[in-house]
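*Asks:* Pasting target-v1.cif below, which is mmCIF, C-alpha atoms, pLDDT in the B column; chains and numbers go by the auth columns.
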```cif
data_final
loop_
_atom_site.group_PDB
_atom_site.id
_atom_site.type_symbol
_atom_site.label_atom_id
_atom_site.label_comp_id
_atom_site.label_asym_id
_atom_site.label_seq_id
_atom_site.Cartn_x
_atom_site.Cartn_y
_atom_site.Cartn_z
_atom_site.B_iso_or_equiv
_atom_site.auth_seq_id
_atom_site.auth_asym_id
ATOM 1 C CA MET A 1 23.881 -11.313 12.029 89.00 1 Y
ATOM 2 C CA ASN A 2 22.694 -7.714 12.070 95.00 2 Y
ATOM 3 C CA GLY A 3 19.657 -5.991 10.603 95.00 3 Y
ATOM 4 C CA ILE A 4 18.302 -2.604 9.628 96.00 4 Y
ATOM 5 C CA GLY A 5 14.997 -1.272 10.988 93.00 5 Y
ATOM 6 C CA PRO A 6 13.716 1.358 8.540 92.00 6 Y
ATOM 7 C CA ASP A 7 10.817 3.751 9.098 87.00 7 Y
ATOM 8 C CA LEU A 8 9.583 6.940 7.405 85.00 8 Y
ATOM 9 C CA THR A 9 11.563 6.185 4.240 90.00 9 Y
ATOM 10 C CA GLN A 10 10.315 7.444 0.868 89.00 10 Y
ATOM 11 C CA THR A 11 9.893 4.449 -1.461 89.00 11 Y
ATOM 12 C CA PRO A 12 7.602 3.536 -4.366 88.00 12 Y
ATOM 13 C CA GLN A 13 5.619 1.351 -1.927 88.00 13 Y
ATOM 14 C CA VAL A 14 5.154 4.138 0.651 84.00 14 Y
ATOM 15 C CA ASP A 15 4.979 7.471 -1.114 83.00 15 Y
ATOM 16 C CA TYR A 16 5.014 10.089 1.617 80.00 16 Y
ATOM 17 C CA LEU A 17 5.258 12.886 -0.943 79.00 17 Y
ATOM 18 C CA ALA A 18 2.182 11.968 -2.999 77.00 18 Y
ATOM 19 C CA GLU A 19 -0.643 14.486 -3.009 71.00 19 Y
ATOM 20 C CA ASP A 20 -2.805 12.026 -1.079 66.00 20 Y
ATOM 21 C CA GLY A 21 0.102 10.479 0.863 60.00 21 Y
ATOM 22 C CA PRO A 22 0.814 10.649 4.585 57.00 22 Y
ATOM 23 C CA SER A 23 2.386 14.113 4.377 58.00 23 Y
ATOM 24 C CA ALA A 24 -0.574 15.609 2.502 59.00 24 Y
ATOM 25 C CA THR A 25 -1.600 17.244 5.782 58.00 25 Y
ATOM 26 C CA GLY A 26 1.522 19.397 5.625 58.00 26 Y
ATOM 27 C CA ASP A 27 5.266 19.292 5.997 60.00 27 Y
ATOM 28 C CA HIS A 28 4.975 21.029 9.367 60.00 28 Y
ATOM 29 C CA LEU A 29 4.097 17.653 10.936 64.00 29 Y
ATOM 30 C CA TRP A 30 7.450 16.029 10.134 67.00 30 Y
ATOM 31 C CA GLU A 31 8.927 17.383 13.364 65.00 31 Y
ATOM 32 C CA SER A 32 6.259 15.543 15.350 64.00 32 Y
ATOM 33 C CA TRP A 33 6.588 12.381 13.262 71.00 33 Y
ATOM 34 C CA ALA A 34 10.385 12.089 13.333 76.00 34 Y
ATOM 35 C CA PRO A 35 12.648 13.759 15.869 78.00 35 Y
ATOM 36 C CA VAL A 36 15.167 14.559 13.112 83.00 36 Y
ATOM 37 C CA GLY A 37 12.382 16.563 11.453 81.00 37 Y
ATOM 38 C CA ARG A 38 12.534 15.117 7.952 85.00 38 Y
ATOM 39 C CA LEU A 39 11.581 12.242 5.722 87.00 39 Y
ATOM 40 C CA GLY A 40 14.097 9.431 5.214 91.00 40 Y
ATOM 41 C CA TRP A 41 15.483 8.417 1.831 94.00 41 Y
ATOM 42 C CA PRO A 42 16.848 5.088 0.543 95.00 42 Y
ATOM 43 C CA ASP A 43 20.376 6.546 0.823 96.00 43 Y
ATOM 44 C CA ASP A 44 19.868 6.796 4.595 96.00 44 Y
ATOM 45 C CA GLN A 45 19.233 3.036 4.723 96.00 45 Y
ATOM 46 C CA ALA A 46 22.085 2.313 2.282 97.00 46 Y
ATOM 47 C CA ARG A 47 24.633 4.133 4.457 97.00 47 Y
ATOM 48 C CA VAL A 48 23.821 1.866 7.388 97.00 48 Y
ATOM 49 C CA ALA A 49 23.982 -1.219 5.153 97.00 49 Y
ATOM 50 C CA LEU A 50 27.373 -0.049 3.920 97.00 50 Y
ATOM 51 C CA PHE A 51 28.577 0.399 7.498 97.00 51 Y
ATOM 52 C CA LEU A 52 27.369 -3.096 8.467 96.00 52 Y
ATOM 53 C CA ALA A 53 29.043 -4.602 5.391 96.00 53 Y
ATOM 54 C CA SER A 54 32.343 -2.870 6.125 97.00 54 Y
ATOM 55 C CA ASP A 55 35.166 -3.706 8.509 97.00 55 Y
ATOM 56 C CA LEU A 56 34.061 -0.729 10.624 96.00 56 Y
ATOM 57 C CA SER A 57 31.319 -2.939 12.081 96.00 57 Y
ATOM 58 C CA SER A 58 33.516 -5.999 12.670 95.00 58 Y
ATOM 59 C CA PHE A 59 32.649 -6.097 16.392 96.00 59 Y
ATOM 60 C CA VAL A 60 28.917 -5.368 15.966 95.00 60 Y
ATOM 61 C CA THR A 61 26.898 -8.580 16.196 95.00 61 Y
ATOM 62 C CA GLY A 62 23.267 -9.484 16.798 95.00 62 Y
ATOM 63 C CA HIS A 63 21.755 -6.025 16.502 95.00 63 Y
ATOM 64 C CA ASN A 64 18.953 -4.386 14.605 95.00 64 Y
ATOM 65 C CA VAL A 65 19.963 -0.809 13.795 96.00 65 Y
ATOM 66 C CA PRO A 66 16.931 1.497 13.723 94.00 66 Y
ATOM 67 C CA VAL A 67 17.226 3.846 10.746 95.00 67 Y
ATOM 68 C CA ASP A 68 14.041 5.701 11.493 90.00 68 Y
ATOM 69 C CA GLY A 69 14.799 9.357 12.144 88.00 69 Y
ATOM 70 C CA GLY A 70 14.251 8.777 15.852 85.00 70 Y
ATOM 71 C CA THR A 71 10.710 7.356 15.747 81.00 71 Y
ATOM 72 C CA LEU A 72 11.646 4.358 17.904 82.00 72 Y
ATOM 73 C CA ALA A 73 13.345 6.547 20.489 79.00 73 Y
ATOM 74 C CA GLY A 74 10.432 9.002 20.349 71.00 74 Y
ATOM 75 C CA GLY A 75 7.794 6.374 21.105 73.00 75 Y
ATOM 76 C CA GLY A 76 6.410 5.934 17.600 63.00 76 Y
ATOM 77 C CA TRP A 77 2.711 5.602 18.530 70.00 77 Y
ATOM 78 C CA PHE A 78 0.130 8.351 19.063 67.00 78 Y
ATOM 79 C CA PHE A 79 -3.544 8.194 20.012 68.00 79 Y
ATOM 80 C CA SER A 80 -5.730 9.480 17.201 70.00 80 Y
ATOM 81 C CA PRO A 81 -9.118 10.797 18.345 73.00 81 Y
ATOM 82 C CA GLU A 82 -10.264 10.702 14.701 75.00 82 Y
ATOM 83 C CA ALA A 83 -9.505 6.981 14.395 74.00 83 Y
ATOM 84 C CA SER A 84 -10.272 6.173 18.074 78.00 84 Y
ATOM 85 C CA ARG A 85 -7.116 4.074 18.232 75.00 85 Y
ATOM 86 C CA PHE A 86 -3.340 4.309 18.390 72.00 86 Y
ATOM 87 C CA VAL A 87 -1.656 5.096 15.074 75.00 87 Y
ATOM 88 C CA ASN A 88 1.977 5.530 14.083 70.00 88 Y
ATOM 89 C CA ARG A 89 1.417 8.829 12.230 65.00 89 Y
ATOM 90 C CA PRO A 90 -0.073 11.624 14.331 58.00 90 Y
ATOM 91 C CA THR A 91 -2.447 14.109 12.766 57.00 91 Y
ATOM 92 C CA GLY A 92 -3.490 17.537 13.852 49.00 92 Y
ATOM 93 C CA LEU A 93 -0.524 18.117 16.168 45.00 93 Y
#
```
Translate the structure of the given file into structure tokens.
*Replies:*
Amino acid sequence: MNGIGPDLTQTPQVDYLAEDGPSATGDHLWESWAPVGRLGWPDDQARVALFLASDLSSFVTGHNVPVDGGTLAGGGWFFSPEASRFVNRPTGL
């Protein structure tokens, strides 16, 4: 069995593009949030699901595929002086 590990994906539940959403501080922060430098979309997750459902993944077993724009590889957590704790969305970078 395989899985998909999404992050930074625009959905109705997590609206990154809302005026008061996580990207309200400015699009210039996407490069620090995700190494690919952009927000993810449901199609990004669907392409991985399609791959896992196809014969192309017939020898892939027991893995969680991160579909996160590189946040896992990039560390994913940043210390926020404003919040005095570690957060997964840096501000003021």
*Asks:* Could you list, as a list in words, every residue within 10 Å of Leu72 in chain Y, counting all atoms listed in the file and ignoring same-chain residues fewer than 4 positions away?
*Replies:* Gly5, Asp7, Ala34, Pro35, Pro66, Val67, Asp68, Gly76 and Trp77 of chain Y
*Asks:* Quote the spacing between CA of Glu19 in chain Y and CA of Ala83 in chain Y in Å to one decimal place.
*Replies:* 20.9 Å
*Asks:* Any chance you could work out the residue set of the PyMOL selection byres ((chain Y and resi 51-62) around 6) here, as a list in words?
*Replies:*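 When the PyMOL selection byres ((chain Y and resi 51-62) around 6) is applied to the shown file, the picked residues are Met1, Asn2, Val48, Ala49, Leu50 and His63 of chain Y.
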*Asks:* With the PyMOL selection byres ((chain Y and resi 41) around 6) as the selection, what would be picked from this file? Answer as a count of residues only, please.
*Replies:* 6
*Asks:* Kindly provide, as lines of an AutoDock Vina configuration file, the centre and edge lengths (Å, one decimal) of an axis-aligned box around all atoms of range 47-52 of chain Y given in the file, with 4 Å on each side.
*Replies:*
```
center_x = 26.2
center_y = 0.5
center_z = 6.2
size_x = 12.8
size_y = 15.2
size_z = 12.5
```
*Asks:* What's the separation between CA of Val87 in chain Y and CA of Arg47 in chain Y, in Å to one decimal place?
*Replies:*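 Calculated distance between CA of Val87 in chain Y and CA of Arg47 in chain Y is 28.4 Å.
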*Asks:* Quick one: pull the distance between CA of Trp33 in chain Y and CA of Ile4 in chain Y, Å, one decimal.
*Replies:*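 These atoms are spaced 19.4 Å apart.
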*Asks:* Between Y:Ala46, Y:Asn64, Y:Glu82, Y:Asn88, which has the minimum distance to Leu8 in chain Y (counting only C-alpha atoms)?
*Replies:* Y:Asn88
